[in-house]
>>> print(open('upload.csv').read())   # CSV, N, CA and C atoms
chain,number,residue,atom,x,y,z
A,636,MET,N,-53.9,3.7,47.0
A,636,MET,CA,-53.1,4.6,46.3
A,636,MET,C,-52.8,5.9,47.1
A,637,LYS,N,-53.9,6.4,47.6
A,637,LYS,CA,-53.7,7.7,48.4
A,637,LYS,C,-52.9,7.4,49.7
A,638,ARG,N,-53.1,6.2,50.3
A,638,ARG,CA,-52.3,5.9,51.5
A,638,ARG,C,-50.8,5.7,51.1
A,639,ASN,N,-50.5,5.1,50.0
A,639,ASN,CA,-49.1,5.0,49.6
A,639,ASN,C,-48.4,6.4,49.3
A,640,LEU,N,-49.2,7.3,48.7
A,640,LEU,CA,-48.7,8.6,48.4
A,640,LEU,C,-48.4,9.4,49.7
A,641,ILE,N,-49.3,9.3,50.7
A,641,ILE,CA,-49.0,9.9,52.0
A,641,ILE,C,-47.8,9.3,52.7
A,642,GLY,N,-47.7,8.0,52.7
A,642,GLY,CA,-46.6,7.3,53.3
A,642,GLY,C,-45.3,7.7,52.6
A,643,THR,N,-45.3,7.8,51.3
A,643,THR,CA,-44.1,8.2,50.6
A,643,THR,C,-43.7,9.6,50.9
A,644,LEU,N,-44.6,10.5,50.9
A,644,LEU,CA,-44.4,11.9,51.2
A,644,LEU,C,-43.8,12.1,52.6
A,645,SER,N,-44.4,11.3,53.5
A,645,SER,CA,-43.9,11.4,54.9
A,645,SER,C,-42.5,10.9,55.0
A,646,LEU,N,-42.1,9.8,54.3
A,646,LEU,CA,-40.7,9.3,54.3
A,646,LEU,C,-39.8,10.4,53.7
A,647,VAL,N,-40.2,11.0,52.6
A,647,VAL,CA,-39.4,12.0,52.0
A,647,VAL,C,-39.2,13.2,52.9
A,648,ALA,N,-40.2,13.7,53.6
A,648,ALA,CA,-40.1,14.8,54.5
A,648,ALA,C,-39.2,14.4,55.7
A,649,LEU,N,-39.3,13.2,56.2
A,649,LEU,CA,-38.5,12.8,57.3
A,649,LEU,C,-37.0,12.7,56.9
A,650,SER,N,-36.8,12.1,55.7
A,650,SER,CA,-35.4,12.0,55.2
A,650,SER,C,-34.8,13.4,55.0
A,651,LEU,N,-35.5,14.4,54.5
A,651,LEU,CA,-35.0,15.7,54.3
A,651,LEU,C,-34.7,16.4,55.6
A,652,LEU,N,-35.6,16.1,56.6
A,652,LEU,CA,-35.3,16.7,58.0
A,652,LEU,C,-34.1,16.1,58.6
A,653,LEU,N,-33.9,14.8,58.5
A,653,LEU,CA,-32.7,14.1,59.0
A,653,LEU,C,-31.5,14.6,58.3
A,654,THR,N,-31.5,14.7,57.0
A,654,THR,CA,-30.4,15.2,56.2
A,654,THR,C,-30.0,16.6,56.6
A,655,ALA,N,-30.9,17.5,56.8
A,655,ALA,CA,-30.6,18.8,57.2
A,655,ALA,C,-30.0,18.9,58.6
A,656,THR,N,-30.6,18.1,59.5
A,656,THR,CA,-30.0,18.0,60.9
A,656,THR,C,-28.6,17.5,60.8
A,657,SER,N,-28.4,16.4,60.1
A,657,SER,CA,-27.0,15.8,60.0
A,657,SER,C,-26.0,16.8,59.4
A,658,ALA,N,-26.4,17.5,58.4
A,658,ALA,CA,-25.5,18.5,57.7
A,658,ALA,C,-25.2,19.6,58.7
A,659,HIS,N,-26.1,20.0,59.5
A,659,HIS,CA,-25.8,21.1,60.5
A,659,HIS,C,-24.9,20.5,61.6
A,660,ALA,N,-25.1,19.3,62.0
A,660,ALA,CA,-24.3,18.8,63.1
A,660,ALA,C,-22.8,18.4,62.6
A,661,GLN,N,-22.6,18.3,61.3
A,661,GLN,CA,-21.4,17.8,60.8
A,661,GLN,C,-20.5,18.9,60.3
A,662,SER,N,-20.8,20.2,60.6
A,662,SER,CA,-19.9,21.2,60.2
A,662,SER,C,-18.5,21.0,60.9
A,663,GLY,N,-17.5,21.2,60.1
A,663,GLY,CA,-16.1,20.9,60.6
A,663,GLY,C,-15.2,22.1,60.3
A,664,SER,N,-14.0,21.9,60.9
A,664,SER,CA,-13.0,22.9,60.7
A,664,SER,C,-11.7,22.2,60.2
A,665,GLU,N,-10.9,23.0,59.6
A,665,GLU,CA,-9.6,22.5,59.0
A,665,GLU,C,-8.4,23.1,59.7
A,666,ALA,N,-7.3,22.3,59.7
A,666,ALA,CA,-6.1,22.8,60.2
A,666,ALA,C,-4.9,22.1,59.5
A,667,TYR,N,-3.8,22.8,59.2
A,667,TYR,CA,-2.6,22.2,58.7
A,667,TYR,C,-1.7,21.9,59.9
A,668,VAL,N,-1.4,20.6,60.1
A,668,VAL,CA,-0.6,20.2,61.2
A,668,VAL,C,0.8,19.8,60.6
A,669,PRO,N,1.8,20.5,60.9
A,669,PRO,CA,3.1,20.3,60.3
A,669,PRO,C,4.0,19.1,60.8
A,670,PHE,N,3.4,18.3,61.7
A,670,PHE,CA,4.1,17.2,62.3
A,670,PHE,C,3.2,16.0,62.5
A,671,ALA,N,3.8,14.8,62.6
A,671,ALA,CA,3.0,13.6,62.9
A,671,ALA,C,2.5,13.7,64.3
A,672,PHE,N,1.3,13.1,64.6
A,672,PHE,CA,0.8,13.1,66.0
A,672,PHE,C,-0.1,12.0,66.2
A,673,ASN,N,-0.5,11.8,67.4
A,673,ASN,CA,-1.5,10.7,67.8
A,673,ASN,C,-2.8,11.3,68.2
A,674,VAL,N,-3.9,10.7,67.7
A,674,VAL,CA,-5.2,10.9,68.2
A,674,VAL,C,-5.6,9.6,68.9
A,675,GLY,N,-5.6,9.6,70.2
A,675,GLY,CA,-5.8,8.4,70.9
A,675,GLY,C,-4.6,7.4,70.6
A,676,THR,N,-4.9,6.2,70.1
A,676,THR,CA,-3.9,5.3,69.8
A,676,THR,C,-3.6,5.3,68.3
A,677,VAL,N,-4.2,6.2,67.5
A,677,VAL,CA,-4.0,6.2,66.0
A,677,VAL,C,-2.9,7.2,65.7
A,678,HIS,N,-1.9,6.8,65.0
A,678,HIS,CA,-0.8,7.7,64.6
A,678,HIS,C,-1.2,8.4,63.2
A,679,MET,N,-1.1,9.7,63.2
A,679,MET,CA,-1.5,10.4,62.0
A,679,MET,C,-0.3,11.2,61.4
A,680,PRO,N,-0.1,11.2,60.1
A,680,PRO,CA,1.1,11.9,59.5
A,680,PRO,C,0.8,13.4,59.5
A,681,ALA,N,1.8,14.2,59.2
A,681,ALA,CA,1.6,15.6,59.0
A,681,ALA,C,0.7,15.8,57.8
A,682,GLY,N,-0.1,16.9,57.8
A,682,GLY,CA,-0.9,17.2,56.7
A,682,GLY,C,-2.1,18.1,57.1
A,683,THR,N,-3.0,18.2,56.2
A,683,THR,CA,-4.2,19.0,56.4
A,683,THR,C,-5.3,18.1,56.9
A,684,TYR,N,-6.0,18.5,58.0
A,684,TYR,CA,-7.0,17.7,58.7
A,684,TYR,C,-8.3,18.5,58.8
A,685,GLU,N,-9.4,17.7,58.7
A,685,GLU,CA,-10.7,18.2,59.0
A,685,GLU,C,-11.1,17.6,60.3
A,686,ILE,N,-11.6,18.5,61.2
A,686,ILE,CA,-12.0,18.1,62.5
A,686,ILE,C,-13.6,18.3,62.6
A,687,ARG,N,-14.3,17.2,62.9
A,687,ARG,CA,-15.7,17.2,62.9
A,687,ARG,C,-16.3,16.6,64.2
A,688,LYS,N,-17.4,17.2,64.7
A,688,LYS,CA,-18.1,16.6,65.7
A,688,LYS,C,-19.4,16.2,65.1
A,689,PRO,N,-19.5,14.9,64.7
A,689,PRO,CA,-20.6,14.4,63.9
A,689,PRO,C,-22.0,14.5,64.5
A,690,ASP,N,-22.1,14.5,65.8
A,690,ASP,CA,-23.4,14.5,66.5
A,690,ASP,C,-23.4,15.5,67.6
A,691,LEU,N,-24.4,16.3,67.7
A,691,LEU,CA,-24.5,17.3,68.7
A,691,LEU,C,-24.6,16.8,70.1
A,692,TYR,N,-25.1,15.5,70.2
A,692,TYR,CA,-25.4,15.0,71.6
A,692,TYR,C,-24.4,13.9,72.1
A,693,LEU,N,-23.5,13.5,71.2
A,693,LEU,CA,-22.5,12.5,71.6
A,693,LEU,C,-21.2,13.2,71.8
A,694,ASN,N,-20.4,12.6,72.7
A,694,ASN,CA,-19.1,13.2,73.0
A,694,ASN,C,-17.9,12.5,72.2
A,695,TYR,N,-18.0,12.6,70.9
A,695,TYR,CA,-16.8,12.1,70.1
A,695,TYR,C,-16.6,13.1,69.0
A,696,VAL,N,-15.3,13.0,68.5
A,696,VAL,CA,-14.9,13.9,67.4
A,696,VAL,C,-14.1,13.0,66.4
A,697,THR,N,-14.2,13.4,65.1
A,697,THR,CA,-13.4,12.7,64.1
A,697,THR,C,-12.3,13.7,63.6
A,698,VAL,N,-11.2,13.1,63.3
A,698,VAL,CA,-10.0,13.8,62.8
A,698,VAL,C,-9.7,13.1,61.5
A,699,CYS,N,-9.8,13.8,60.4
A,699,CYS,CA,-9.6,13.1,59.1
A,699,CYS,C,-8.5,13.8,58.3
A,700,ASN,N,-7.5,13.0,57.8
A,700,ASN,CA,-6.5,13.6,56.9
A,700,ASN,C,-7.1,13.7,55.6
A,701,LEU,N,-7.1,15.0,55.0
A,701,LEU,CA,-7.8,15.2,53.8
A,701,LEU,C,-7.1,14.6,52.6
A,702,LYS,N,-5.8,14.3,52.7
A,702,LYS,CA,-5.1,13.7,51.5
A,702,LYS,C,-5.2,12.2,51.5
A,703,THR,N,-5.0,11.6,52.7
A,703,THR,CA,-5.1,10.1,52.7
A,703,THR,C,-6.4,9.5,53.0
A,704,GLY,N,-7.3,10.3,53.7
A,704,GLY,CA,-8.6,9.8,54.1
A,704,GLY,C,-8.5,9.1,55.4
A,705,THR,N,-7.3,9.0,56.0
A,705,THR,CA,-7.2,8.3,57.3
A,705,THR,C,-8.0,9.1,58.4
A,706,THR,N,-8.8,8.4,59.1
A,706,THR,CA,-9.7,9.0,60.1
A,706,THR,C,-9.5,8.4,61.4
A,707,ALA,N,-9.4,9.2,62.5
A,707,ALA,CA,-9.4,8.7,63.8
A,707,ALA,C,-10.6,9.3,64.6
A,708,LEU,N,-11.1,8.5,65.4
A,708,LEU,CA,-12.3,8.9,66.2
A,708,LEU,C,-11.8,8.9,67.7
A,709,SER,N,-12.2,9.9,68.4
A,709,SER,CA,-11.8,10.1,69.8
A,709,SER,C,-12.9,10.6,70.7
A,710,LEU,N,-13.0,10.1,71.9
A,710,LEU,CA,-14.0,10.6,72.9
A,710,LEU,C,-13.4,11.9,73.4
A,711,PHE,N,-14.2,12.8,73.9
A,711,PHE,CA,-13.7,14.0,74.5
A,711,PHE,C,-14.6,14.4,75.7
A,712,GLN,N,-14.1,15.3,76.5
A,712,GLN,CA,-14.9,15.8,77.6
A,712,GLN,C,-15.1,17.3,77.3
A,713,ALA,N,-16.4,17.7,77.3
A,713,ALA,CA,-16.7,19.1,77.0
A,713,ALA,C,-16.2,20.0,78.1
A,714,GLN,N,-15.7,21.2,77.7
A,714,GLN,CA,-15.1,22.2,78.6
A,714,GLN,C,-15.8,23.5,78.4
A,715,SER,N,-15.8,24.4,79.4
A,715,SER,CA,-16.4,25.7,79.3
A,715,SER,C,-15.6,26.5,78.4
A,716,PRO,N,-16.1,27.6,77.8
A,716,PRO,CA,-15.4,28.5,76.9
A,716,PRO,C,-14.1,29.0,77.7
A,717,SER,N,-13.1,29.3,76.9
A,717,SER,CA,-11.8,29.7,77.4
A,717,SER,C,-11.4,30.9,76.6
A,718,HIS,N,-10.3,31.5,77.0
A,718,HIS,CA,-9.7,32.6,76.3
A,718,HIS,C,-9.1,32.1,75.0
A,719,VAL,N,-8.8,30.8,74.9
A,719,VAL,CA,-8.2,30.1,73.7
A,719,VAL,C,-9.4,29.9,72.8
A,720,SER,N,-9.2,30.2,71.5
A,720,SER,CA,-10.3,30.0,70.5
A,720,SER,C,-9.7,29.6,69.2
A,721,ASN,N,-10.5,28.7,68.5
A,721,ASN,CA,-10.1,28.3,67.2
A,721,ASN,C,-8.7,27.7,67.1
A,722,ARG,N,-8.4,26.8,68.0
A,722,ARG,CA,-7.1,26.2,68.1
A,722,ARG,C,-7.2,24.7,68.4
A,723,LEU,N,-6.2,24.0,67.9
A,723,LEU,CA,-5.9,22.6,68.3
A,723,LEU,C,-4.7,22.7,69.2
A,724,ILE,N,-4.7,22.0,70.4
A,724,ILE,CA,-3.6,22.0,71.3
A,724,ILE,C,-3.1,20.6,71.4
A,725,PHE,N,-1.8,20.5,71.1
A,725,PHE,CA,-1.1,19.2,71.2
A,725,PHE,C,-0.2,19.2,72.4
A,726,ARG,N,0.0,18.0,73.0
A,726,ARG,CA,1.0,17.9,74.1
A,726,ARG,C,2.2,17.3,73.4
A,727,HIS,N,3.3,17.9,73.5
A,727,HIS,CA,4.6,17.4,73.0
A,727,HIS,C,5.4,16.8,74.1
A,728,VAL,N,5.5,15.5,74.0
A,728,VAL,CA,6.2,14.7,75.1
A,728,VAL,C,7.3,13.9,74.4
A,729,GLY,N,8.5,14.2,74.8
A,729,GLY,CA,9.7,13.5,74.1
A,729,GLY,C,9.7,13.9,72.7
A,730,ASN,N,9.6,12.9,71.8
A,730,ASN,CA,9.6,13.2,70.3
A,730,ASN,C,8.2,13.0,69.7
A,731,ARG,N,7.2,13.0,70.5
A,731,ARG,CA,5.8,12.7,70.0
A,731,ARG,C,4.8,13.8,70.4
A,732,TYR,N,3.8,13.9,69.5
A,732,TYR,CA,2.8,14.9,69.8
A,732,TYR,C,1.4,14.2,69.9
A,733,PHE,N,0.6,14.6,70.9
A,733,PHE,CA,-0.7,14.0,71.1
A,733,PHE,C,-1.7,15.1,71.1
A,734,LEU,N,-2.8,14.9,70.3
A,734,LEU,CA,-3.9,15.9,70.3
A,734,LEU,C,-4.6,15.8,71.6
A,735,ALA,N,-4.6,17.0,72.3
A,735,ALA,CA,-5.1,17.0,73.7
A,735,ALA,C,-6.4,17.9,73.8
A,736,GLU,N,-6.5,19.0,73.0
A,736,GLU,CA,-7.6,19.9,73.2
A,736,GLU,C,-8.0,20.4,71.8
A,737,ILE,N,-9.3,20.7,71.7
A,737,ILE,CA,-9.9,21.4,70.5
A,737,ILE,C,-10.7,22.5,71.0
A,738,TRP,N,-10.4,23.8,70.6
A,738,TRP,CA,-11.2,24.9,71.1
A,738,TRP,C,-11.7,25.7,69.9
A,739,GLY,N,-13.1,25.8,69.8
A,739,GLY,CA,-13.7,26.5,68.7
A,739,GLY,C,-13.8,25.7,67.5
A,740,GLY,N,-14.3,26.3,66.5
A,740,GLY,CA,-14.4,25.6,65.2
A,740,GLY,C,-15.5,24.6,65.1
A,741,THR,N,-15.5,23.6,66.0
A,741,THR,CA,-16.5,22.5,66.0
A,741,THR,C,-17.6,22.8,67.0
A,742,GLY,N,-17.6,23.9,67.6
A,742,GLY,CA,-18.6,24.2,68.6
A,742,GLY,C,-18.2,25.4,69.4
A,743,THR,N,-19.0,25.9,70.3
A,743,THR,CA,-18.7,27.0,71.1
A,743,THR,C,-17.9,26.6,72.3
A,744,HIS,N,-17.9,25.4,72.7
A,744,HIS,CA,-17.2,24.9,73.9
A,744,HIS,C,-15.9,24.2,73.5
A,745,GLY,N,-15.0,24.1,74.4
A,745,GLY,CA,-13.8,23.3,74.2
A,745,GLY,C,-14.0,21.9,74.4
A,746,MET,N,-13.0,21.1,73.9
A,746,MET,CA,-13.1,19.7,74.1
A,746,MET,C,-11.7,19.2,74.5
A,747,THR,N,-11.6,18.4,75.6
A,747,THR,CA,-10.3,17.9,76.0
A,747,THR,C,-10.4,16.4,75.7
A,748,ILE,N,-9.2,15.8,75.3
A,748,ILE,CA,-9.1,14.4,75.0
A,748,ILE,C,-8.3,13.8,76.0
A,749,GLN,N,-8.7,12.7,76.6
A,749,GLN,CA,-8.0,12.0,77.7
A,749,GLN,C,-6.7,11.5,77.2
A,750,ALA,N,-5.7,11.6,78.0
A,750,ALA,CA,-4.3,11.1,77.7
A,750,ALA,C,-4.4,9.6,77.6
A,751,THR,N,-3.7,9.0,76.6
A,751,THR,CA,-3.6,7.6,76.4
A,751,THR,C,-2.6,7.0,77.4
A,752,LYS,N,-2.5,5.7,77.5
A,752,LYS,CA,-1.6,5.0,78.3
A,752,LYS,C,-0.2,5.3,77.9
A,753,LEU,N,0.1,5.3,76.6
A,753,LEU,CA,1.4,5.7,76.0
A,753,LEU,C,1.8,7.1,76.4
A,754,GLN,N,0.9,8.0,76.3
A,754,GLN,CA,1.2,9.4,76.7
A,754,GLN,C,1.5,9.6,78.1
A,755,ARG,N,0.8,8.9,79.0
A,755,ARG,CA,1.0,8.9,80.4
A,755,ARG,C,2.4,8.3,80.8
A,756,GLN,N,2.7,7.2,80.1
A,756,GLN,CA,4.0,6.6,80.3
A,756,GLN,C,5.2,7.5,79.9
A,757,LEU,N,5.0,8.1,78.8
A,757,LEU,CA,6.1,9.0,78.3
A,757,LEU,C,6.2,10.2,79.3
A,758,GLN,N,5.1,10.7,79.7
A,758,GLN,CA,5.1,11.9,80.7
A,758,GLN,C,5.8,11.5,82.0
A,759,LEU,N,5.5,10.3,82.5
A,759,LEU,CA,6.2,9.8,83.7
A,759,LEU,C,7.7,9.7,83.5
A,760,ALA,N,8.1,9.1,82.3
A,760,ALA,CA,9.5,8.9,82.0
A,760,ALA,C,10.2,10.2,81.8
A,761,ARG,N,9.6,11.2,81.2
A,761,ARG,CA,10.2,12.5,80.9
A,761,ARG,C,10.1,13.5,82.0
A,762,GLY,N,9.2,13.3,82.9
A,762,GLY,CA,9.0,14.3,84.0
A,762,GLY,C,8.2,15.5,83.5
A,763,PRO,N,8.3,16.6,84.0
A,763,PRO,CA,7.5,17.8,83.6
A,763,PRO,C,8.0,18.5,82.4
A,764,SER,N,8.7,17.8,81.5
A,764,SER,CA,9.3,18.5,80.3
A,764,SER,C,8.4,18.6,79.1
A,765,SER,N,7.1,18.1,79.3
A,765,SER,CA,6.2,18.2,78.1
A,765,SER,C,5.7,19.6,78.0
A,766,LYS,N,5.4,20.0,76.8
A,766,LYS,CA,4.9,21.4,76.5
A,766,LYS,C,3.7,21.3,75.6
A,767,ASN,N,2.9,22.4,75.5
A,767,ASN,CA,1.8,22.5,74.6
A,767,ASN,C,2.2,23.2,73.3
A,768,VAL,N,1.6,22.7,72.2
A,768,VAL,CA,1.9,23.4,70.9
A,768,VAL,C,0.5,23.7,70.3
A,769,GLU,N,0.3,24.9,69.9
A,769,GLU,CA,-1.0,25.3,69.4
A,769,GLU,C,-1.0,25.4,67.9
A,770,ILE,N,-2.1,25.0,67.2
A,770,ILE,CA,-2.2,25.1,65.8
A,770,ILE,C,-3.6,25.8,65.5
A,771,ALA,N,-3.6,26.8,64.7
A,771,ALA,CA,-4.8,27.5,64.4
A,771,ALA,C,-5.8,26.7,63.5
A,772,LEU,N,-7.1,26.8,63.8
A,772,LEU,CA,-8.1,26.2,63.0
A,772,LEU,C,-8.5,27.2,61.9
A,773,LYS,N,-8.9,26.7,60.7
A,773,LYS,CA,-9.4,27.6,59.7
A,773,LYS,C,-10.9,27.6,59.7
>>> encode(input="upload.csv", output="structure tokens")
Amino acid sequence: MKRNLIGTLSLVALSLLLTATSAHAQSGSEAYVPFAFNVGTVHMPAGTYEIRKPDLYLNYVTVCNLKTGTTALSLFQAQSPSHVSNRLIFRHVGNRYFLAEIWGGTGTHGMTIQATKLQRQLQLARGPSSKNVEIALK
């Protein structure tokens, strides 16, 4: 009986510790994006999004449409702090937008997202006419 109680208390303490750690790691930021865009190969409609970095030690980020629940997962490369803060940066190529960078909100460092094959093809076809569009994070 005493052994079961100690085991149960240990499991409860461990689950509380893991829950607290997960809650801390999952803090996210929101942004209203007024245009459709791609996160990797996933096409996302205009709307309000929550951006989360679910794990402190892994290099991926989730982008979730708060209205539809559509979620895209993307790998990123961490970047040193910049003069840019609390912004999403999109690359506008032709008539498409691609999420390219996340600065602030989900951490103190920036995150760059690698260009997809489609984005590289469009950039080659269009030449240097692509531009960056910034959206503020809340």
>>> residues_near_point(input="upload.csv", point="(9.3, 18.6, 74.3)", cutoff="12 Å", atoms="only C-alpha atoms", output="PDB file with N, CA and C atoms, keeping the file's coordinate frame")
ATOM      1  N   PHE A 725      -1.800  20.500  71.100  1.00  0.00           N
ATOM      2  CA  PHE A 725      -1.100  19.200  71.200  1.00  0.00           C
ATOM      3  C   PHE A 725      -0.200  19.200  72.400  1.00  0.00           C
ATOM      4  N   ARG A 726       0.000  18.000  73.000  1.00  0.00           N
ATOM      5  CA  ARG A 726       1.000  17.900  74.100  1.00  0.00           C
ATOM      6  C   ARG A 726       2.200  17.300  73.400  1.00  0.00           C
ATOM      7  N   HIS A 727       3.300  17.900  73.500  1.00  0.00           N
ATOM      8  CA  HIS A 727       4.600  17.400  73.000  1.00  0.00           C
ATOM      9  C   HIS A 727       5.400  16.800  74.100  1.00  0.00           C
ATOM     10  N   VAL A 728       5.500  15.500  74.000  1.00  0.00           N
ATOM     11  CA  VAL A 728       6.200  14.700  75.100  1.00  0.00           C
ATOM     12  C   VAL A 728       7.300  13.900  74.400  1.00  0.00           C
ATOM     13  N   GLY A 729       8.500  14.200  74.800  1.00  0.00           N
ATOM     14  CA  GLY A 729       9.700  13.500  74.100  1.00  0.00           C
ATOM     15  C   GLY A 729       9.700  13.900  72.700  1.00  0.00           C
ATOM     16  N   ASN A 730       9.600  12.900  71.800  1.00  0.00           N
ATOM     17  CA  ASN A 730       9.600  13.200  70.300  1.00  0.00           C
ATOM     18  C   ASN A 730       8.200  13.000  69.700  1.00  0.00           C
ATOM     19  N   ARG A 731       7.200  13.000  70.500  1.00  0.00           N
ATOM     20  CA  ARG A 731       5.800  12.700  70.000  1.00  0.00           C
ATOM     21  C   ARG A 731       4.800  13.800  70.400  1.00  0.00           C
ATOM     22  N   TYR A 732       3.800  13.900  69.500  1.00  0.00           N
ATOM     23  CA  TYR A 732       2.800  14.900  69.800  1.00  0.00           C
ATOM     24  C   TYR A 732       1.400  14.200  69.900  1.00  0.00           C
ATOM     25  N   PHE A 733       0.600  14.600  70.900  1.00  0.00           N
ATOM     26  CA  PHE A 733      -0.700  14.000  71.100  1.00  0.00           C
ATOM     27  C   PHE A 733      -1.700  15.100  71.100  1.00  0.00           C
ATOM     28  N   LEU A 757       5.000   8.100  78.800  1.00  0.00           N
ATOM     29  CA  LEU A 757       6.100   9.000  78.300  1.00  0.00           C
ATOM     30  C   LEU A 757       6.200  10.200  79.300  1.00  0.00           C
ATOM     31  N   GLN A 758       5.100  10.700  79.700  1.00  0.00           N
ATOM     32  CA  GLN A 758       5.100  11.900  80.700  1.00  0.00           C
ATOM     33  C   GLN A 758       5.800  11.500  82.000  1.00  0.00           C
ATOM     34  N   ARG A 761       9.600  11.200  81.200  1.00  0.00           N
ATOM     35  CA  ARG A 761      10.200  12.500  80.900  1.00  0.00           C
ATOM     36  C   ARG A 761      10.100  13.500  82.000  1.00  0.00           C
ATOM     37  N   GLY A 762       9.200  13.300  82.900  1.00  0.00           N
ATOM     38  CA  GLY A 762       9.000  14.300  84.000  1.00  0.00           C
ATOM     39  C   GLY A 762       8.200  15.500  83.500  1.00  0.00           C
ATOM     40  N   PRO A 763       8.300  16.600  84.000  1.00  0.00           N
ATOM     41  CA  PRO A 763       7.500  17.800  83.600  1.00  0.00           C
ATOM     42  C   PRO A 763       8.000  18.500  82.400  1.00  0.00           C
ATOM     43  N   SER A 764       8.700  17.800  81.500  1.00  0.00           N
ATOM     44  CA  SER A 764       9.300  18.500  80.300  1.00  0.00           C
ATOM     45  C   SER A 764       8.400  18.600  79.100  1.00  0.00           C
ATOM     46  N   SER A 765       7.100  18.100  79.300  1.00  0.00           N
ATOM     47  CA  SER A 765       6.200  18.200  78.100  1.00  0.00           C
ATOM     48  C   SER A 765       5.700  19.600  78.000  1.00  0.00           C
ATOM     49  N   LYS A 766       5.400  20.000  76.800  1.00  0.00           N
ATOM     50  CA  LYS A 766       4.900  21.400  76.500  1.00  0.00           C
ATOM     51  C   LYS A 766       3.700  21.300  75.600  1.00  0.00           C
ATOM     52  N   ASN A 767       2.900  22.400  75.500  1.00  0.00           N
ATOM     53  CA  ASN A 767       1.800  22.500  74.600  1.00  0.00           C
ATOM     54  C   ASN A 767       2.200  23.200  73.300  1.00  0.00           C
ATOM     55  N   VAL A 768       1.600  22.700  72.200  1.00  0.00           N
ATOM     56  CA  VAL A 768       1.900  23.400  70.900  1.00  0.00           C
ATOM     57  C   VAL A 768       0.500  23.700  70.300  1.00  0.00           C
TER      58      VAL A 768
END
>>> atom_distance(input="upload.csv", atom1="CA of His744 (chain A)", atom2="atom C of Gln714 (chain A)")
4.9 Å
>>> closest_residue(input="upload.csv", among="A:Ile686, A:Val674, A:Val668, A:Ala713", to="Ala735 (chain A)", atoms="only C-alpha atoms")
A:Val674
>>> closest_residue(input="upload.csv", among="A:Thr683, A:Ala760, A:Lys688, A:Leu772", to="Trp738 (chain A)", atoms="only N, CA and C atoms")
A:Leu772
>>> atom_distance(input="upload.csv", atom1="CA of Thr697 (chain A)", atom2="CA of Arg755 (chain A)")
22.1 Å
>>> closest_residue(input="upload.csv", among="A:Asn721, A:Ala707, A:Thr751, A:Tyr684", to="Phe670 (chain A)", atoms="only C-alpha atoms")
A:Tyr684
>>> atom_distance(input="upload.csv", atom1="atom N of Asn700 (chain A)", atom2="atom C of Gln749 (chain A)")
19.5 Å
>>> closest_residue(input="upload.csv", among="A:Ser715, A:Met746, A:Ile737, A:Glu685", to="Val698 (chain A)", atoms="only C-alpha atoms")
A:Glu685
>>> closest_residue(input="upload.csv", among="A:Asn694, A:Ser664, A:Ser720, A:Ser709", to="Thr676 (chain A)", atoms="only N, CA and C atoms")
A:Ser709
>>> residues_around(input="upload.csv", residues="Glu736 (chain A)", least_positions_apart="4", cutoff="6 Å", atoms="only C-alpha atoms", output="ChimeraX atom specification")
/A:723-724,746-748
>>> closest_residue(input="upload.csv", among="A:Leu693, A:Leu734, A:Leu701, A:Ala771", to="Asn673 (chain A)", atoms="all atoms listed in the file")
A:Leu734
>>> select_by_dssp(input="upload.csv", residues="region 659-709 of chain A", states="strand (DSSP E)", output="number ranges by chain")
A: 663-668, 672-674, 677-679, 682-687, 695-700, 706-709
>>> residues_around(input="upload.csv", residues="Lys773 (chain A)", least_positions_apart="5", cutoff="8 Å", atoms="only N, CA and C atoms", output="list in words")
Gly663, Ser664, Glu665, Ala666, Tyr667, Asn721, Arg722 and Gly740 of chain A
